[in-house]
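Data block for run.cif (mmCIF, C-alpha atoms, pLDDT in the B column; chains and numbers go by the auth columns):
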data_target
loop_
_atom_site.group_PDB
_atom_site.id
_atom_site.type_symbol
_atom_site.label_atom_id
_atom_site.label_comp_id
_atom_site.label_asym_id
_atom_site.label_seq_id
_atom_site.Cartn_x
_atom_site.Cartn_y
_atom_site.Cartn_z
_atom_site.B_iso_or_equiv
_atom_site.auth_seq_id
_atom_site.auth_asym_id
ATOM 1 C CA MET A 1 0.000 0.000 0.000 55.00 960 A
ATOM 2 C CA ALA A 2 1.315 3.461 -0.923 68.00 961 A
ATOM 3 C CA SER A 3 2.100 5.976 1.787 78.00 962 A
ATOM 4 C CA ASP A 4 -0.176 8.873 2.698 91.00 963 A
ATOM 5 C CA THR A 5 2.615 11.364 1.969 95.00 964 A
ATOM 6 C CA TRP A 6 2.044 14.197 -0.520 97.00 965 A
ATOM 7 C CA LEU A 7 4.632 15.406 -3.044 98.00 966 A
ATOM 8 C CA ILE A 8 4.440 19.065 -4.070 98.00 967 A
ATOM 9 C CA ALA A 9 6.671 19.831 -7.065 98.00 968 A
ATOM 10 C CA GLY A 10 7.341 23.416 -8.123 97.00 969 A
ATOM 11 C CA LEU A 11 8.472 23.629 -11.740 97.00 970 A
ATOM 12 C CA GLY A 12 11.168 25.955 -13.032 96.00 971 A
ATOM 13 C CA ASN A 13 14.741 26.224 -14.269 96.00 972 A
ATOM 14 C CA PRO A 14 17.900 26.369 -12.138 93.00 973 A
ATOM 15 C CA GLY A 15 20.270 29.264 -11.613 91.00 974 A
ATOM 16 C CA PRO A 16 20.113 33.053 -11.199 92.00 975 A
ATOM 17 C CA ARG A 17 19.404 33.694 -14.896 93.00 976 A
ATOM 18 C CA TYR A 18 15.943 32.133 -14.587 94.00 977 A
ATOM 19 C CA ARG A 19 15.157 32.875 -10.931 91.00 978 A
ATOM 20 C CA HIS A 20 12.597 35.659 -11.435 93.00 979 A
ATOM 21 C CA THR A 21 11.147 34.590 -14.793 96.00 980 A
ATOM 22 C CA ARG A 22 7.554 33.621 -15.548 97.00 981 A
ATOM 23 C CA HIS A 23 8.567 29.995 -16.121 96.00 982 A
ATOM 24 C CA ASN A 24 9.837 29.813 -12.523 97.00 983 A
ATOM 25 C CA ILE A 25 6.622 30.723 -10.747 98.00 984 A
ATOM 26 C CA GLY A 26 6.392 27.109 -9.549 98.00 985 A
ATOM 27 C CA HIS A 27 9.742 27.477 -7.782 97.00 986 A
ATOM 28 C CA MET A 28 8.601 30.791 -6.273 98.00 987 A
ATOM 29 C CA VAL A 29 5.454 29.212 -4.816 98.00 988 A
ATOM 30 C CA LEU A 30 7.489 26.330 -3.341 97.00 989 A
ATOM 31 C CA ASP A 31 9.934 28.810 -1.820 97.00 990 A
ATOM 32 C CA GLU A 32 6.973 30.547 -0.134 97.00 991 A
ATOM 33 C CA LEU A 33 5.672 27.239 1.253 97.00 992 A
ATOM 34 C CA VAL A 34 9.130 26.307 2.553 96.00 993 A
ATOM 35 C CA ASP A 35 9.515 29.779 4.127 96.00 994 A
ATOM 36 C CA ARG A 36 6.181 29.317 5.898 94.00 995 A
ATOM 37 C CA MET A 37 7.586 26.160 7.477 91.00 996 A
ATOM 38 C CA ASP A 38 10.762 28.008 8.474 91.00 997 A
ATOM 39 C CA ALA A 39 12.698 25.216 6.765 92.00 998 A
ATOM 40 C CA LYS A 40 15.622 24.895 4.358 94.00 999 A
ATOM 41 C CA TYR A 41 15.932 22.719 1.284 96.00 1000 A
ATOM 42 C CA THR A 42 18.287 19.751 1.329 96.00 1001 A
ATOM 43 C CA ARG A 43 19.770 18.143 -1.781 95.00 1002 A
ATOM 44 C CA THR A 44 18.884 14.612 -2.832 93.00 1003 A
ATOM 45 C CA LYS A 45 20.481 12.007 -5.059 93.00 1004 A
ATOM 46 C CA VAL A 46 17.568 12.240 -7.534 94.00 1005 A
ATOM 47 C CA GLY A 47 18.408 15.795 -8.629 94.00 1006 A
ATOM 48 C CA ALA A 48 15.977 17.786 -6.500 96.00 1007 A
ATOM 49 C CA GLN A 49 16.086 19.953 -3.418 97.00 1008 A
ATOM 50 C CA VAL A 50 13.455 18.961 -0.864 97.00 1009 A
ATOM 51 C CA VAL A 51 11.891 19.718 2.478 96.00 1010 A
ATOM 52 C CA ALA A 52 10.058 16.805 4.121 94.00 1011 A
ATOM 53 C CA ALA A 53 7.759 17.915 6.938 92.00 1012 A
ATOM 54 C CA ARG A 54 4.252 17.816 8.351 90.00 1013 A
ATOM 55 C CA LEU A 55 1.790 20.512 7.332 86.00 1014 A
ATOM 56 C CA GLY A 56 0.979 21.860 10.775 81.00 1015 A
ATOM 57 C CA ALA A 57 1.251 20.037 14.098 81.00 1016 A
ATOM 58 C CA GLY A 58 0.206 16.441 13.488 83.00 1017 A
ATOM 59 C CA GLY A 59 -0.829 17.317 9.937 86.00 1018 A
ATOM 60 C CA PRO A 60 -0.272 15.380 6.710 91.00 1019 A
ATOM 61 C CA LYS A 61 3.252 14.430 5.649 94.00 1020 A
ATOM 62 C CA VAL A 62 4.434 16.518 2.718 96.00 1021 A
ATOM 63 C CA VAL A 63 7.570 16.564 0.560 97.00 1022 A
ATOM 64 C CA PHE A 64 8.159 19.956 -1.072 97.00 1023 A
ATOM 65 C CA ALA A 65 10.521 19.681 -4.053 97.00 1024 A
ATOM 66 C CA VAL A 66 12.185 21.784 -6.726 97.00 1025 A
ATOM 67 C CA SER A 67 14.227 20.170 -9.463 95.00 1026 A
ATOM 68 C CA GLU A 68 17.902 21.039 -9.846 95.00 1027 A
ATOM 69 C CA GLY A 69 17.603 20.396 -13.596 94.00 1028 A
ATOM 70 C CA TYR A 70 15.858 22.196 -16.424 95.00 1029 A
ATOM 71 C CA MET A 71 12.118 22.294 -16.979 95.00 1030 A
ATOM 72 C CA ASN A 72 12.095 19.648 -19.713 95.00 1031 A
ATOM 73 C CA THR A 73 13.780 17.140 -17.355 96.00 1032 A
ATOM 74 C CA SER A 74 11.386 17.682 -14.416 97.00 1033 A
ATOM 75 C CA GLY A 75 9.973 14.178 -14.639 97.00 1034 A
ATOM 76 C CA ARG A 76 13.093 12.301 -13.561 97.00 1035 A
ATOM 77 C CA PRO A 77 13.444 13.849 -10.066 97.00 1036 A
ATOM 78 C CA VAL A 78 9.662 13.843 -9.537 97.00 1037 A
ATOM 79 C CA ARG A 79 9.529 10.122 -10.341 97.00 1038 A
ATOM 80 C CA GLY A 80 12.587 9.454 -8.177 97.00 1039 A
ATOM 81 C CA LEU A 81 10.954 11.130 -5.176 97.00 1040 A
ATOM 82 C CA MET A 82 7.642 9.356 -5.770 97.00 1041 A
ATOM 83 C CA ASP A 83 9.454 6.012 -5.804 96.00 1042 A
ATOM 84 C CA TYR A 84 11.560 6.819 -2.738 95.00 1043 A
ATOM 85 C CA PHE A 85 8.619 8.023 -0.626 95.00 1044 A
ATOM 86 C CA ASP A 86 6.137 5.524 -2.175 95.00 1045 A
ATOM 87 C CA ILE A 87 3.759 8.256 -3.380 96.00 1046 A
ATOM 88 C CA ASP A 88 0.915 7.573 -5.819 94.00 1047 A
ATOM 89 C CA PRO A 89 0.210 10.032 -8.684 95.00 1048 A
ATOM 90 C CA GLU A 90 -3.062 10.984 -6.928 94.00 1049 A
ATOM 91 C CA ARG A 91 -0.945 12.601 -4.186 96.00 1050 A
ATOM 92 C CA LEU A 92 1.310 14.532 -6.549 98.00 1051 A
ATOM 93 C CA VAL A 93 0.657 18.279 -6.864 98.00 1052 A
ATOM 94 C CA VAL A 94 2.568 20.150 -9.588 98.00 1053 A
ATOM 95 C CA VAL A 95 2.751 23.961 -9.442 98.00 1054 A
ATOM 96 C CA HIS A 96 3.514 25.562 -12.810 98.00 1055 A
ATOM 97 C CA ASP A 97 3.165 28.627 -15.026 97.00 1056 A
ATOM 98 C CA GLU A 98 0.171 28.772 -17.368 96.00 1057 A
ATOM 99 C CA VAL A 99 0.069 31.060 -20.415 95.00 1058 A
ATOM 100 C CA ASP A 100 -3.595 30.226 -21.085 94.00 1059 A
ATOM 101 C CA LEU A 101 -4.644 32.049 -17.897 96.00 1060 A
ATOM 102 C CA ASP A 102 -4.512 35.785 -17.272 96.00 1061 A
ATOM 103 C CA PHE A 103 -1.726 36.913 -14.974 97.00 1062 A
ATOM 104 C CA GLY A 104 -2.538 36.058 -11.376 95.00 1063 A
ATOM 105 C CA ARG A 105 -5.469 33.728 -12.069 97.00 1064 A
ATOM 106 C CA LEU A 106 -5.268 30.301 -10.473 98.00 1065 A
ATOM 107 C CA LYS A 107 -6.832 27.117 -11.760 97.00 1066 A
ATOM 108 C CA LEU A 108 -6.706 23.795 -9.930 98.00 1067 A
ATOM 109 C CA LYS A 109 -7.348 20.548 -11.758 97.00 1068 A
ATOM 110 C CA ARG A 110 -6.579 16.857 -11.799 97.00 1069 A
ATOM 111 C CA GLY A 111 -5.369 15.267 -15.003 95.00 1070 A
ATOM 112 C CA GLY A 112 -5.876 16.516 -18.525 92.00 1071 A
ATOM 113 C CA SER A 113 -3.427 17.375 -21.256 92.00 1072 A
ATOM 114 C CA GLU A 114 -0.057 19.029 -20.761 92.00 1073 A
ATOM 115 C CA GLY A 115 -1.011 21.927 -23.070 87.00 1074 A
ATOM 116 C CA GLY A 116 2.471 22.140 -24.575 88.00 1075 A
ATOM 117 C CA HIS A 117 4.140 22.584 -21.164 94.00 1076 A
ATOM 118 C CA ASN A 118 7.482 20.759 -21.297 94.00 1077 A
ATOM 119 C CA GLY A 119 7.683 20.258 -17.534 96.00 1078 A
ATOM 120 C CA LEU A 120 4.291 18.535 -17.453 97.00 1079 A
ATOM 121 C CA LYS A 121 5.194 16.489 -20.542 96.00 1080 A
ATOM 122 C CA SER A 122 8.334 15.225 -18.798 97.00 1081 A
ATOM 123 C CA ILE A 123 6.410 14.286 -15.654 97.00 1082 A
ATOM 124 C CA THR A 124 3.706 12.441 -17.591 97.00 1083 A
ATOM 125 C CA GLN A 125 6.378 10.615 -19.588 96.00 1084 A
ATOM 126 C CA HIS A 126 8.169 9.471 -16.408 97.00 1085 A
ATOM 127 C CA LEU A 127 4.831 8.342 -14.958 96.00 1086 A
ATOM 128 C CA GLN A 128 4.375 6.069 -17.990 94.00 1087 A
ATOM 129 C CA GLY A 129 1.615 8.268 -19.374 91.00 1088 A
ATOM 130 C CA ASP A 130 -0.335 8.629 -16.094 94.00 1089 A
ATOM 131 C CA ARG A 131 -1.868 12.130 -16.058 95.00 1090 A
ATOM 132 C CA ASP A 132 -3.887 11.646 -12.875 94.00 1091 A
ATOM 133 C CA TYR A 133 -1.940 14.183 -10.820 97.00 1092 A
ATOM 134 C CA ILE A 134 -3.088 17.578 -9.556 98.00 1093 A
ATOM 135 C CA ARG A 135 -1.944 20.779 -11.224 98.00 1094 A
ATOM 136 C CA VAL A 136 -1.895 24.237 -9.659 98.00 1095 A
ATOM 137 C CA ARG A 137 -1.880 26.403 -12.785 98.00 1096 A
ATOM 138 C CA VAL A 138 -0.635 29.928 -12.089 98.00 1097 A
ATOM 139 C CA GLY A 139 -1.552 32.400 -14.823 97.00 1098 A
ATOM 140 C CA VAL A 140 1.247 34.372 -16.468 97.00 1099 A
ATOM 141 C CA SER A 141 -0.825 35.529 -19.518 95.00 1100 A
ATOM 142 C CA ARG A 142 -0.140 35.005 -23.196 92.00 1101 A
ATOM 143 C CA PRO A 143 2.796 36.717 -24.892 91.00 1102 A
ATOM 144 C CA PRO A 144 2.036 40.035 -26.578 88.00 1103 A
ATOM 145 C CA GLY A 145 1.735 40.218 -30.353 88.00 1104 A
ATOM 146 C CA ARG A 146 3.685 37.526 -32.161 90.00 1105 A
ATOM 147 C CA MET A 147 6.282 36.987 -29.459 90.00 1106 A
ATOM 148 C CA ASP A 148 7.385 33.372 -29.154 92.00 1107 A
ATOM 149 C CA THR A 149 5.882 31.710 -26.075 92.00 1108 A
ATOM 150 C CA ALA A 150 9.213 30.129 -25.088 91.00 1109 A
ATOM 151 C CA ASP A 151 10.935 33.535 -25.168 93.00 1110 A
ATOM 152 C CA TYR A 152 8.089 35.115 -23.208 95.00 1111 A
ATOM 153 C CA VAL A 153 8.053 32.658 -20.307 95.00 1112 A
ATOM 154 C CA LEU A 154 11.834 32.951 -19.947 95.00 1113 A
ATOM 155 C CA GLN A 155 11.534 36.709 -19.373 95.00 1114 A
ATOM 156 C CA LYS A 156 11.032 38.471 -16.057 96.00 1115 A
ATOM 157 C CA PHE A 157 7.587 39.733 -15.097 96.00 1116 A
ATOM 158 C CA SER A 158 6.650 43.251 -16.203 93.00 1117 A
ATOM 159 C CA ALA A 159 7.028 46.023 -13.605 94.00 1118 A
ATOM 160 C CA GLU A 160 3.252 46.135 -13.169 94.00 1119 A
ATOM 161 C CA GLN A 161 3.008 42.357 -12.703 95.00 1120 A
ATOM 162 C CA ALA A 162 6.000 42.335 -10.338 95.00 1121 A
ATOM 163 C CA LYS A 163 4.065 44.600 -7.939 97.00 1122 A
ATOM 164 C CA ASP A 164 1.265 42.029 -7.651 97.00 1123 A
ATOM 165 C CA LEU A 165 3.495 38.953 -7.787 97.00 1124 A
ATOM 166 C CA PRO A 166 3.878 38.497 -3.987 98.00 1125 A
ATOM 167 C CA GLN A 167 0.079 38.291 -3.599 98.00 1126 A
ATOM 168 C CA VAL A 168 -0.187 35.827 -6.501 98.00 1127 A
ATOM 169 C CA ILE A 169 2.501 33.602 -4.963 98.00 1128 A
ATOM 170 C CA ASP A 170 0.814 33.834 -1.573 98.00 1129 A
ATOM 171 C CA ARG A 171 -2.587 32.813 -3.006 98.00 1130 A
ATOM 172 C CA ALA A 172 -1.031 29.898 -4.918 98.00 1131 A
ATOM 173 C CA ALA A 173 0.718 28.694 -1.750 98.00 1132 A
ATOM 174 C CA ASP A 174 -2.608 28.932 0.119 97.00 1133 A
ATOM 175 C CA ALA A 175 -4.217 26.858 -2.654 98.00 1134 A
ATOM 176 C CA VAL A 176 -1.588 24.113 -2.292 98.00 1135 A
ATOM 177 C CA GLU A 177 -2.140 23.961 1.472 96.00 1136 A
ATOM 178 C CA LEU A 178 -5.912 23.835 0.947 96.00 1137 A
ATOM 179 C CA ILE A 179 -5.611 20.916 -1.494 97.00 1138 A
ATOM 180 C CA ILE A 180 -3.693 18.947 1.123 96.00 1139 A
ATOM 181 C CA THR A 181 -5.855 19.824 4.133 94.00 1140 A
ATOM 182 C CA ALA A 182 -9.349 20.028 2.594 94.00 1141 A
ATOM 183 C CA GLY A 183 -9.111 18.128 -0.708 95.00 1142 A
ATOM 184 C CA LEU A 184 -9.122 19.208 -4.334 97.00 1143 A
ATOM 185 C CA THR A 185 -12.869 19.873 -4.655 96.00 1144 A
ATOM 186 C CA ALA A 186 -12.995 22.149 -1.603 96.00 1145 A
ATOM 187 C CA ALA A 187 -9.858 23.946 -2.802 97.00 1146 A
ATOM 188 C CA GLN A 188 -11.385 24.426 -6.269 97.00 1147 A
ATOM 189 C CA ASN A 189 -14.596 25.809 -4.757 96.00 1148 A
ATOM 190 C CA THR A 190 -12.605 28.369 -2.770 95.00 1149 A
ATOM 191 C CA VAL A 191 -9.945 29.315 -5.338 95.00 1150 A
ATOM 192 C CA HIS A 192 -12.098 29.405 -8.469 94.00 1151 A
ATOM 193 C CA GLN A 193 -14.589 31.825 -6.866 84.00 1152 A
ATOM 194 C CA ASN A 194 -11.876 34.483 -6.491 66.00 1153 A
#

Kindly return the structure encoded in the file as structure tokens.
Amino acid sequence: MASDTWLIAGLGNPGPRYRHTRHNIGHMVLDELVDRMDAKYTRTKVGAQVVAARLGAGGPKVVFAVSEGYMNTSGRPVRGLMDYFDIDPERLVVVHDEVDLDFGRLKLKRGGSEGGHNGLKSITQHLQGDRDYIRVRVGVSRPPGRMDTADYVLQKFSAEQAKDLPQVIDRAADAVELIITAGLTAAQNTVHQN
């Protein structure tokens, strides 16, 4: 029987060049969650930095993880952690940027297509095609004009967006905690009304 531990994976790219880009919003949300726990990441042999803790006193066991590799290789460390902690896909929550949502909008869902997102594609591939994991989609908006989507998500947020970014990250972190403590449906009912 699989464990009752949750794995929360924040997608992004490593290094200072990508730190504050749209594609790294998943990392930013995980950093907020880890800060809330007053914890520090530790490195693992699977190529991820993790914090393993309980969400609140006596709460559910949770592994918070950010990959040390690039977005398109996210699946390998996610799968490695799922195997190590014996976590089923139903208890995997992936936080990622979403160009099909306006900046700051959040959408929570289980399963579905990867929508061209290379991080999600890598995870699904390493789960042998299983898409039955939860996604916290954080809106970064579509690129302006004819700008290439890949170029757009690798850029920093606009000055106007940067002002609101802390609140967006905070709301996404709240959504992750709500999924774990109250379940996906309750979290959707709360988050999608805002």

For range 1055-1083 of chain A versus range 1103-1113 of chain A, which residues have an atom no more than 10 Å away, and what is each residue's nearest atom pair and distance in Å rounded to one decimal, using only C-alpha atoms, chain-then-number order, as a Markdown table?
| residue | atom | partner | partner_atom | distance |
| --- | --- | --- | --- | --- |
| A:Asp1056 | CA | A:Val1112 | CA | 8.2 |
| A:Glu1057 | CA | A:Val1112 | CA | 9.3 |
| A:Val1058 | CA | A:Thr1108 | CA | 8.1 |
| A:His1076 | CA | A:Ala1109 | CA | 9.9 |

Quiz item: Could you state the separation of CA of Val1053 in chain A and CA of Gly985 in chain A in Å, given to one decimal place?
Solution: 7.9 Å

Self-check item: Residue with smallest distance to Gly1071 in chain A - pool A:Arg1090, A:Arg1101, A:Arg976, A:Lys1020, counting all atoms listed in the file
Solution: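 Once distances to Gly1071 in chain A are computed over all atoms listed in the file, the minimum belongs to A:Arg1090.
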
Self-check item: Computed interatomic separation between CA of Gly1063 in chain A and CA of Thr1001 in chain A (Å)
Solution: 29.3 Å

Find the spatial neighbours of Val1054 in chain A, counting all atoms listed in the file, within a cut-off of 10 Å - ignore same-chain residues fewer than 5 positions away - and output them as a PDB file with C-alpha atoms, in the frame of the given file.
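The resulting file, around_13.pdb, is shown below:
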ATOM      1  CA  ILE A 967       4.440  19.065  -4.070  1.00 98.00           C
ATOM      2  CA  ALA A 968       6.671  19.831  -7.065  1.00 98.00           C
ATOM      3  CA  GLY A 969       7.341  23.416  -8.123  1.00 97.00           C
ATOM      4  CA  LEU A 970       8.472  23.629 -11.740  1.00 97.00           C
ATOM      5  CA  GLY A 971      11.168  25.955 -13.032  1.00 96.00           C
ATOM      6  CA  ASN A 983       9.837  29.813 -12.523  1.00 97.00           C
ATOM      7  CA  ILE A 984       6.622  30.723 -10.747  1.00 98.00           C
ATOM      8  CA  GLY A 985       6.392  27.109  -9.549  1.00 98.00           C
ATOM      9  CA  HIS A 986       9.742  27.477  -7.782  1.00 97.00           C
ATOM     10  CA  MET A 987       8.601  30.791  -6.273  1.00 98.00           C
ATOM     11  CA  VAL A 988       5.454  29.212  -4.816  1.00 98.00           C
ATOM     12  CA  LEU A 989       7.489  26.330  -3.341  1.00 97.00           C
ATOM     13  CA  LEU A1067      -6.706  23.795  -9.930  1.00 98.00           C
ATOM     14  CA  LEU A1079       4.291  18.535 -17.453  1.00 97.00           C
ATOM     15  CA  ILE A1093      -3.088  17.578  -9.556  1.00 98.00           C
ATOM     16  CA  ARG A1094      -1.944  20.779 -11.224  1.00 98.00           C
ATOM     17  CA  VAL A1095      -1.895  24.237  -9.659  1.00 98.00           C
ATOM     18  CA  ARG A1096      -1.880  26.403 -12.785  1.00 98.00           C
ATOM     19  CA  VAL A1097      -0.635  29.928 -12.089  1.00 98.00           C
ATOM     20  CA  ALA A1131      -1.031  29.898  -4.918  1.00 98.00           C
ATOM     21  CA  ALA A1132       0.718  28.694  -1.750  1.00 98.00           C
ATOM     22  CA  VAL A1135      -1.588  24.113  -2.292  1.00 98.00           C
TER      23      VAL A1135
END

Practice problem: Could you list the residues chosen by the PyMOL selection byres ((chain A and resi 1006-1018) around 10) in this structure as JSON, numbers by chain? | Solution: {"A": [964, 965, 966, 967, 968, 989, 992, 993, 995, 996, 998, 999, 1000, 1001, 1002, 1003, 1004, 1005, 1019, 1020, 1021, 1022, 1023, 1024, 1025, 1026, 1027, 1028, 1032, 1033, 1035, 1036, 1037, 1039, 1040, 1136, 1139, 1140]}

Quiz item: Got a sec to resolve the PyMOL selection byres ((chain A and resi 1069) around 6) on this structure and send the residues as a list of chain:residue names?
Solution: A:Lys1068, A:Gly1070, A:Asp1091, A:Tyr1092, A:Ile1093

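Candidate residues A:Lys1080, A:Asp1129, A:Pro1048, A:Ala1118 were compared for distance to Asp994 in chain A, and the nearest is A:Asp1129, using all atoms listed in the file.
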
Quiz prompt | Interatomic distance, CA of Asp1047 in chain A to CA of Asp990 in chain A (Å, one decimal) | solution =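 One can read the CA of Asp1047 in chain A to CA of Asp990 in chain A distance as 23.4 Å.
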
Could you give me the centre and size, in Å to one decimal, of an axis-aligned box around all listed atoms of range 992-998 of chain A with 6 Å added on every side, as lines of an AutoDock Vina configuration file?
center_x = 9.2
center_y = 27.5
center_z = 4.9
size_x = 19.0
size_y = 16.6
size_z = 19.2

Self-check item: Residue nearest Thr980 in chain A - candidates A:Arg1064, A:Lys1122, A:His1085, A:Lys1115, atoms counted: only C-alpha atoms
Solution: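 Of A:Arg1064, A:Lys1122, A:His1085, A:Lys1115, the one nearest Thr980 in chain A, counting only C-alpha atoms, is A:Lys1115.
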
Quiz item: With all atoms listed in the file as the basis for distance, which of A:Ser1081, A:Met1041, A:Leu1065, A:Ala1145 is at the shortest distance from Arg1130 in chain A?
Solution: A:Leu1065

Self-check item: Nearest residue to Gly1098 in chain A from the set A:Asp997, A:Asp1045, A:Asp963, A:Asp1059 (distances using all atoms listed in the file)
Solution: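 Closest residue, counting all atoms listed in the file: A:Asp1059.
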